[in-house]
file target_33.cif (mmCIF, C-alpha atoms)
data_input
#
loop_
_atom_site.label_atom_id
_atom_site.label_comp_id
_atom_site.auth_asym_id
_atom_site.auth_seq_id
_atom_site.Cartn_x
_atom_site.Cartn_y
_atom_site.Cartn_z
CA MET A 1 86.22 125.58 49.13
CA ARG A 2 82.79 126.33 50.61
CA ILE A 3 80.62 123.23 50.67
CA ALA A 4 77.50 121.65 52.10
CA ILE A 5 77.35 118.07 53.37
CA VAL A 6 74.03 116.21 53.25
CA THR A 7 73.39 112.72 54.64
CA GLY A 8 70.42 110.58 53.69
CA ALA A 9 70.92 112.10 50.26
CA SER A 10 69.61 109.32 48.04
CA SER A 11 65.89 109.99 48.46
CA GLY A 12 63.12 111.91 50.16
CA LEU A 13 63.93 114.86 52.36
CA GLY A 14 67.69 114.55 51.97
CA ARG A 15 67.43 114.68 48.20
CA GLU A 16 65.10 117.68 48.39
CA PHE A 17 67.55 119.52 50.66
CA ILE A 18 70.22 119.06 47.99
CA ARG A 19 67.98 120.61 45.32
CA GLN A 20 67.12 123.55 47.55
CA ILE A 21 70.74 124.06 48.55
CA TRP A 22 72.02 124.33 45.01
CA GLU A 23 69.22 126.81 44.24
CA ARG A 24 69.46 128.97 47.37
CA GLU A 25 72.96 128.72 48.86
CA LYS A 26 76.14 130.28 47.48
CA LEU A 27 78.56 127.35 47.62
CA ASP A 28 81.35 125.80 45.61
CA GLY A 29 80.12 122.24 45.91
CA ILE A 30 78.06 119.64 47.77
CA TRP A 31 79.15 116.37 49.36
CA ILE A 32 76.30 113.86 49.39
CA ILE A 33 76.22 110.75 51.56
CA ALA A 34 73.99 107.67 51.38
CA ARG A 35 74.32 103.91 50.93
CA ARG A 36 72.89 103.68 47.38
CA GLU A 37 75.64 104.70 44.98
CA ASN A 38 73.40 104.64 41.89
CA ARG A 39 71.04 107.17 43.46
CA LEU A 40 73.94 109.44 44.36
CA GLN A 41 75.17 109.30 40.79
CA GLU A 42 71.76 110.39 39.52
CA ILE A 43 71.82 113.41 41.82
CA ALA A 44 75.37 114.30 40.79
CA GLU A 45 74.30 114.33 37.14
CA GLU A 46 71.41 116.70 37.90
CA SER A 47 73.32 119.18 40.04
CA PRO A 48 74.56 122.49 38.64
CA LEU A 49 77.21 122.48 41.40
CA PRO A 50 80.18 120.12 41.66
CA VAL A 51 79.09 117.08 43.69
CA ARG A 52 81.22 114.55 45.54
CA SER A 53 79.31 111.31 46.02
CA LEU A 54 80.18 109.29 49.10
CA PRO A 55 78.40 105.91 49.21
CA LEU A 56 78.74 105.22 52.93
CA ASP A 57 76.79 103.22 55.50
CA LEU A 58 76.78 105.54 58.50
CA THR A 59 75.99 102.73 60.92
CA LYS A 60 79.53 101.42 60.35
CA GLY A 61 82.60 102.98 61.95
CA SER A 62 84.60 102.55 58.75
CA ALA A 63 82.38 105.18 57.08
CA PHE A 64 83.63 107.84 59.48
CA ASP A 65 87.23 106.74 59.09
CA ARG A 66 86.90 107.37 55.36
CA LEU A 67 85.13 110.70 55.87
CA LYS A 68 87.72 111.89 58.39
CA ALA A 69 90.53 111.06 55.98
CA LEU A 70 88.81 112.92 53.13
CA LEU A 71 88.12 115.99 55.26
CA LYS A 72 91.73 116.05 56.45
CA GLU A 73 92.96 115.84 52.86
CA GLU A 74 90.57 118.40 51.33
CA ARG A 75 90.15 120.73 54.35
CA PRO A 76 86.89 122.27 53.05
CA ASP A 77 85.01 125.14 54.64
CA VAL A 78 81.76 123.36 55.54
CA ARG A 79 79.09 126.04 55.55
CA LEU A 80 76.11 123.73 55.90
CA LEU A 81 75.65 120.26 57.39
CA VAL A 82 72.27 118.54 56.98
CA ASN A 83 71.90 115.29 58.92
CA ALA A 84 68.89 113.86 57.08
CA ALA A 85 69.68 110.14 57.34
CA GLY A 86 67.01 108.39 59.37
CA PHE A 87 65.11 105.15 59.82
CA ALA A 88 61.76 104.14 61.35
CA LYS A 89 59.68 101.05 62.05
CA MET A 90 56.07 100.97 63.22
CA GLY A 91 54.67 98.57 65.79
CA ASN A 92 54.84 97.79 69.48
CA TYR A 93 57.72 96.07 71.25
CA THR A 94 56.63 92.62 70.01
CA GLU A 95 56.27 93.76 66.38
CA VAL A 96 59.55 95.61 65.82
CA SER A 97 62.59 93.36 65.90
CA VAL A 98 65.55 93.92 68.18
CA GLN A 99 67.70 94.39 65.07
CA ASP A 100 65.41 97.10 63.70
CA SER A 101 65.36 98.82 67.09
CA ASN A 102 69.15 98.78 67.19
CA ASN A 103 69.30 100.10 63.62
CA MET A 104 67.12 103.06 64.61
CA LEU A 105 69.40 103.85 67.54
CA ASP A 106 72.52 103.49 65.41
CA LEU A 107 71.39 105.65 62.50
CA ASN A 108 69.10 108.19 64.17
CA CYS A 109 71.32 108.86 67.19
CA ARG A 110 74.85 107.51 66.99
CA ALA A 111 75.47 108.25 63.31
CA LEU A 112 73.98 111.73 63.58
CA MET A 113 76.20 112.53 66.56
CA ASN A 114 79.31 111.05 64.91
CA MET A 115 78.68 112.98 61.69
CA THR A 116 78.26 116.23 63.59
CA LEU A 117 81.43 115.73 65.62
CA THR A 118 83.41 114.65 62.55
CA VAL A 119 82.45 117.73 60.52
CA LEU A 120 82.54 120.40 63.25
CA PRO A 121 86.35 120.97 63.08
CA TYR A 122 85.81 122.12 59.49
CA MET A 123 83.06 124.62 60.26
CA GLN A 124 83.60 128.32 60.92
CA LYS A 125 81.58 131.29 62.13
CA GLY A 126 78.25 131.56 60.34
CA ALA A 127 78.08 127.87 59.42
CA ARG A 128 74.80 126.06 60.04
CA ILE A 129 73.85 122.57 61.18
CA LEU A 130 70.40 121.16 60.51
CA GLU A 131 69.69 118.07 62.62
CA ILE A 132 66.63 116.44 61.08
CA CYS A 133 64.40 115.44 63.93
CA SER A 134 60.63 114.79 63.95
CA SER A 135 57.52 116.09 65.64
CA SER A 136 57.48 112.73 67.44
CA CYS A 137 60.27 114.13 69.62
CA PHE A 138 57.79 116.18 71.63
CA GLN A 139 56.06 113.23 73.31
CA PRO A 140 56.38 109.43 73.60
CA LEU A 141 54.39 107.58 70.93
CA PRO A 142 53.26 103.96 71.28
CA ALA A 143 53.78 102.04 68.00
CA LEU A 144 56.71 104.39 67.37
CA ASN A 145 58.29 104.02 70.78
CA VAL A 146 61.94 103.59 69.79
CA TYR A 147 61.71 106.03 66.87
CA SER A 148 60.16 108.81 68.96
CA ALA A 149 62.77 108.17 71.68
CA THR A 150 65.61 108.55 69.17
CA LYS A 151 64.15 111.83 67.97
CA ALA A 152 63.85 113.09 71.55
CA PHE A 153 67.59 112.47 71.79
CA VAL A 154 68.19 114.48 68.60
CA LEU A 155 66.16 117.41 69.91
CA SER A 156 67.94 117.46 73.28
CA TYR A 157 71.36 117.02 71.67
CA SER A 158 70.73 119.80 69.15
CA ARG A 159 69.53 122.31 71.72
CA ALA A 160 72.47 121.70 74.04
CA LEU A 161 75.02 121.70 71.20
CA ARG A 162 73.63 125.03 70.02
CA TRP A 163 74.69 126.63 73.30
CA GLU A 164 78.08 124.93 73.28
CA LEU A 165 78.75 126.38 69.80
CA PHE A 166 77.53 129.87 70.65
CA GLY A 167 81.08 131.20 71.05
CA ARG A 168 82.08 129.86 67.64
CA GLY A 169 79.09 131.45 65.91
CA ILE A 170 77.86 128.15 64.48
CA HIS A 171 74.08 127.79 64.34
CA VAL A 172 72.26 124.54 65.15
CA THR A 173 68.60 123.97 64.29
CA ALA A 174 66.55 120.88 65.13
CA VAL A 175 64.08 120.37 62.28
CA CYS A 176 60.93 118.65 63.56
CA PRO A 177 58.42 117.93 60.78
CA TYR A 178 55.25 115.89 60.93
CA TRP A 179 54.80 113.04 58.42
CA ILE A 180 56.16 113.81 54.96
CA ARG A 181 54.16 112.21 52.18
CA ASP A 182 56.69 112.05 49.32
CA THR A 183 59.49 110.19 51.08
CA GLU A 184 60.32 106.52 51.59
CA LEU A 185 60.13 106.72 55.39
CA ILE A 186 56.42 105.86 55.67
CA ASP A 187 56.70 102.82 53.37
CA ILE A 188 59.79 101.54 55.18
CA ALA A 189 58.23 102.18 58.58
CA LYS A 190 55.07 100.26 57.62
CA ASP A 191 57.10 97.26 56.47
CA SER A 192 56.87 95.48 59.81
CA ARG A 193 54.85 92.73 61.52
CA ASN A 194 51.99 95.19 61.94
CA SER A 195 51.77 97.40 58.88
CA GLN A 196 48.51 98.87 60.21
CA ALA A 197 49.99 100.09 63.50
CA ILE A 198 49.36 103.57 62.11
CA ARG A 199 46.63 103.53 59.50
CA HIS A 200 46.43 107.05 58.11
CA PHE A 201 48.67 110.11 57.81
CA PRO A 202 46.29 113.09 57.57
CA LEU A 203 47.74 116.50 56.76
CA ALA A 204 51.08 114.98 55.78
CA SER A 205 53.33 117.59 54.18
CA HIS A 206 55.71 117.48 51.22
CA ALA A 207 59.50 117.41 51.20
CA ALA A 208 59.95 120.58 49.13
CA ARG A 209 58.02 122.70 51.61
CA ILE A 210 59.75 121.20 54.63
CA ALA A 211 63.24 121.72 53.19
CA ARG A 212 62.49 125.29 52.15
CA ILE A 213 61.14 126.32 55.56
CA ALA A 214 63.88 124.46 57.44
CA LEU A 215 66.63 126.25 55.49
CA ARG A 216 64.93 129.58 56.14
CA ASP A 217 64.61 128.84 59.86
CA SER A 218 68.28 127.87 60.09
CA LYS A 219 69.25 131.18 58.44
CA TRP A 220 67.16 132.91 61.11
CA ASN A 221 69.13 130.92 63.70
CA LEU A 222 66.04 129.34 65.23
CA PRO A 223 66.80 126.56 67.73
CA VAL A 224 63.81 124.46 66.59
CA SER A 225 62.00 124.45 63.25
CA THR A 226 58.43 123.13 63.15
CA PRO A 227 57.86 123.57 59.42
CA ASP A 228 54.16 122.60 59.18
CA ILE A 229 50.97 123.27 61.11
CA VAL A 230 50.75 119.83 62.75
CA SER A 231 54.29 119.90 64.12
CA PHE A 232 53.80 123.46 65.34
CA LEU A 233 50.66 122.43 67.23
CA GLN A 234 52.34 119.33 68.65
CA ARG A 235 55.19 121.43 69.94
CA LEU A 236 52.84 124.01 71.44
CA LEU A 237 50.34 121.61 73.02
CA SER A 238 53.04 119.39 74.51
CA LYS A 239 53.99 122.31 76.75
CA PHE A 240 50.54 122.51 78.34
CA ILE A 241 48.76 119.17 78.03
CA PRO A 242 49.82 116.26 80.26
CA ARG A 243 51.78 113.65 78.33
CA GLU A 244 49.49 110.81 79.36
CA LEU A 245 46.54 112.64 77.80
CA ILE A 246 48.49 113.28 74.60
CA ILE A 247 49.45 109.59 74.43
CA ALA A 248 45.82 108.54 74.96
CA CYS A 249 44.71 110.84 72.13
CA TRP A 250 47.44 109.45 69.90
CA GLU A 251 46.34 105.88 70.65
CA GLY A 252 42.85 106.77 69.47
CA LEU A 253 43.91 108.69 66.38
CA ARG A 254 46.32 106.06 65.06
CA ARG A 255 43.52 103.47 64.98
CA ILE A 256 41.07 105.57 62.98
#
call {"tool": "encode", "arguments": {"input": "target_33.cif", "output": "structure tokens"}}
result
Amino acid sequence: MRIAIVTGASSGLGREFIRQIWEREKLDGIWIIARRENRLQEIAEESPLPVRSLPLDLTKGSAFDRLKALLKEERPDVRLLVNAAGFAKMGNYTEVSVQDSNNMLDLNCRALMNMTLTVLPYMQKGARILEICSSSCFQPLPALNVYSATKAFVLSYSRALRWELFGRGIHVTAVCPYWIRDTELIDIAKDSRNSQAIRHFPLASHAARIARIALRDSKWNLPVSTPDIVSFLQRLLSKFIPRELIIACWEGLRRI
């Protein structure tokens, strides 16, 4: 059974990846993972492909115990893994709680790594992994300090894992978009002690475009996908402009 597995499936970019996958990929089914069971059920009812809904909290070890048991029982051929689960909070070190900072580390880094390692034994040559990163991975960002650090981890992890999997023929792509307007991430991120830490999100993209380009880039076996003009420029400029200058520019822009 050839399947895709998508985390963060209940909304935003994860949900859009599911729609694009059932339209563009030749698979026998999709496994979708998120905490909100009612949202997963809605997606399952829409899908033209068989869907297995897994309401799991990936910050808890028990979620991976359940997933490991299910994979061992079903032994699917996982052709596509999309790690889209993520979490952000805006504000400086006094405005983002220790708990929220830990939650970002747990979901953005530890859960992504655990999901990848759990699924890899069930992937074969030609399979693809999309690790959903962010353009914030290219430089440190005050008011997003922990979030941008977690995404730097995802980028580094993805690029190294890509080489480790070269012999198995499994492709890994770090997807690094700029802000995406039609997702819940911005609203959740702004729900902090300083909701105006970042005031505007100019040139924010849309989930459908990001998912479409990211899937194309993974088919082309690109190591990094910057699926919009802002993320492409961030990636390019970060190679030539000193980081302290980039950070100073960011500090000015986020206050406009």
call {"tool": "closest_residue", "arguments": {"input": "target_33.cif", "among": "A:Arg128, A:Gly8, A:Leu120, A:Ile43", "to": "A:Phe87", "atoms": "all atoms listed in the file"}}
result
A:Gly8
call {"tool": "closest_residue", "arguments": {"input": "target_33.cif", "among": "A:Pro223, A:Gln234, A:Asn145, A:Ile241", "to": "A:Gly91", "atoms": "all atoms listed in the file"}}
result
A:Asn145
call {"tool": "residues_around", "arguments": {"input": "target_33.cif", "residues": "A:Leu144", "least_positions_apart": "4", "cutoff": "7 Å", "atoms": "all atoms listed in the file", "output": "list in words"}}
result
Lys89, Met90, Gly91 and Ser148 of chain A
call {"tool": "resolve_selection", "arguments": {"input": "target_33.cif", "expression": "the PyMOL selection byres ((chain A and resi 129) around 10)", "output": "NGL selection string"}}
result
:A and (4-5 or 78-83 or 116 or 119-120 or 123 or 127-128 or 130-132 or 158 or 162 or 170-174 or 215 or 218 or 221)
call {"tool": "closest_residue", "arguments": {"input": "target_33.cif", "among": "A:Asp106, A:Glu46, A:Glu74, A:Glu164", "to": "A:Tyr122", "atoms": "all atoms listed in the file"}}
result
A:Glu74
call {"tool": "resolve_selection", "arguments": {"input": "target_33.cif", "expression": "the PyMOL selection byres ((chain A and resi 10) around 9)", "output": "count of residues only"}}
result
18
call {"tool": "closest_residue", "arguments": {"input": "target_33.cif", "among": "A:Trp31, A:Arg75, A:Tyr147, A:Cys109", "to": "A:Leu56", "atoms": "only C-alpha atoms"}}
result
A:Trp31
call {"tool": "residues_around", "arguments": {"input": "target_33.cif", "residues": "A:Asn114", "least_positions_apart": "3", "cutoff": "12 Å", "atoms": "all atoms listed in the file", "output": "PyMOL selection string"}}
result
chain A and resi 7+58-65+67-68+83+106-111+117-120
call {"tool": "atom_distance", "arguments": {"input": "target_33.cif", "atom1": "atom CA of A:Phe17", "atom2": "atom CA of A:Leu70"}}
result
22.4 Å
call {"tool": "closest_residue", "arguments": {"input": "target_33.cif", "among": "A:Pro142, A:Phe166, A:Arg2, A:Gln20", "to": "A:Arg212", "atoms": "all atoms listed in the file"}}
result
A:Gln20
call {"tool": "closest_residue", "arguments": {"input": "target_33.cif", "among": "A:Pro48, A:Gly126, A:Leu141, A:Ser238", "to": "A:Trp220", "atoms": "only C-alpha atoms"}}
result
A:Gly126
call {"tool": "axis_aligned_box", "arguments": {"input": "target_33.cif", "around": "stretch 170-185 of chain A", "padding_each_side": "3 Å", "output": "JSON"}}
result
{"center_x": 66.0, "center_y": 117.3, "center_z": 57.2, "size_x": 29.7, "size_y": 27.6, "size_z": 21.8}
call {"tool": "atom_distance", "arguments": {"input": "target_33.cif", "atom1": "atom CA of A:Lys72", "atom2": "atom CA of A:Val154"}}
result
26.5 Å
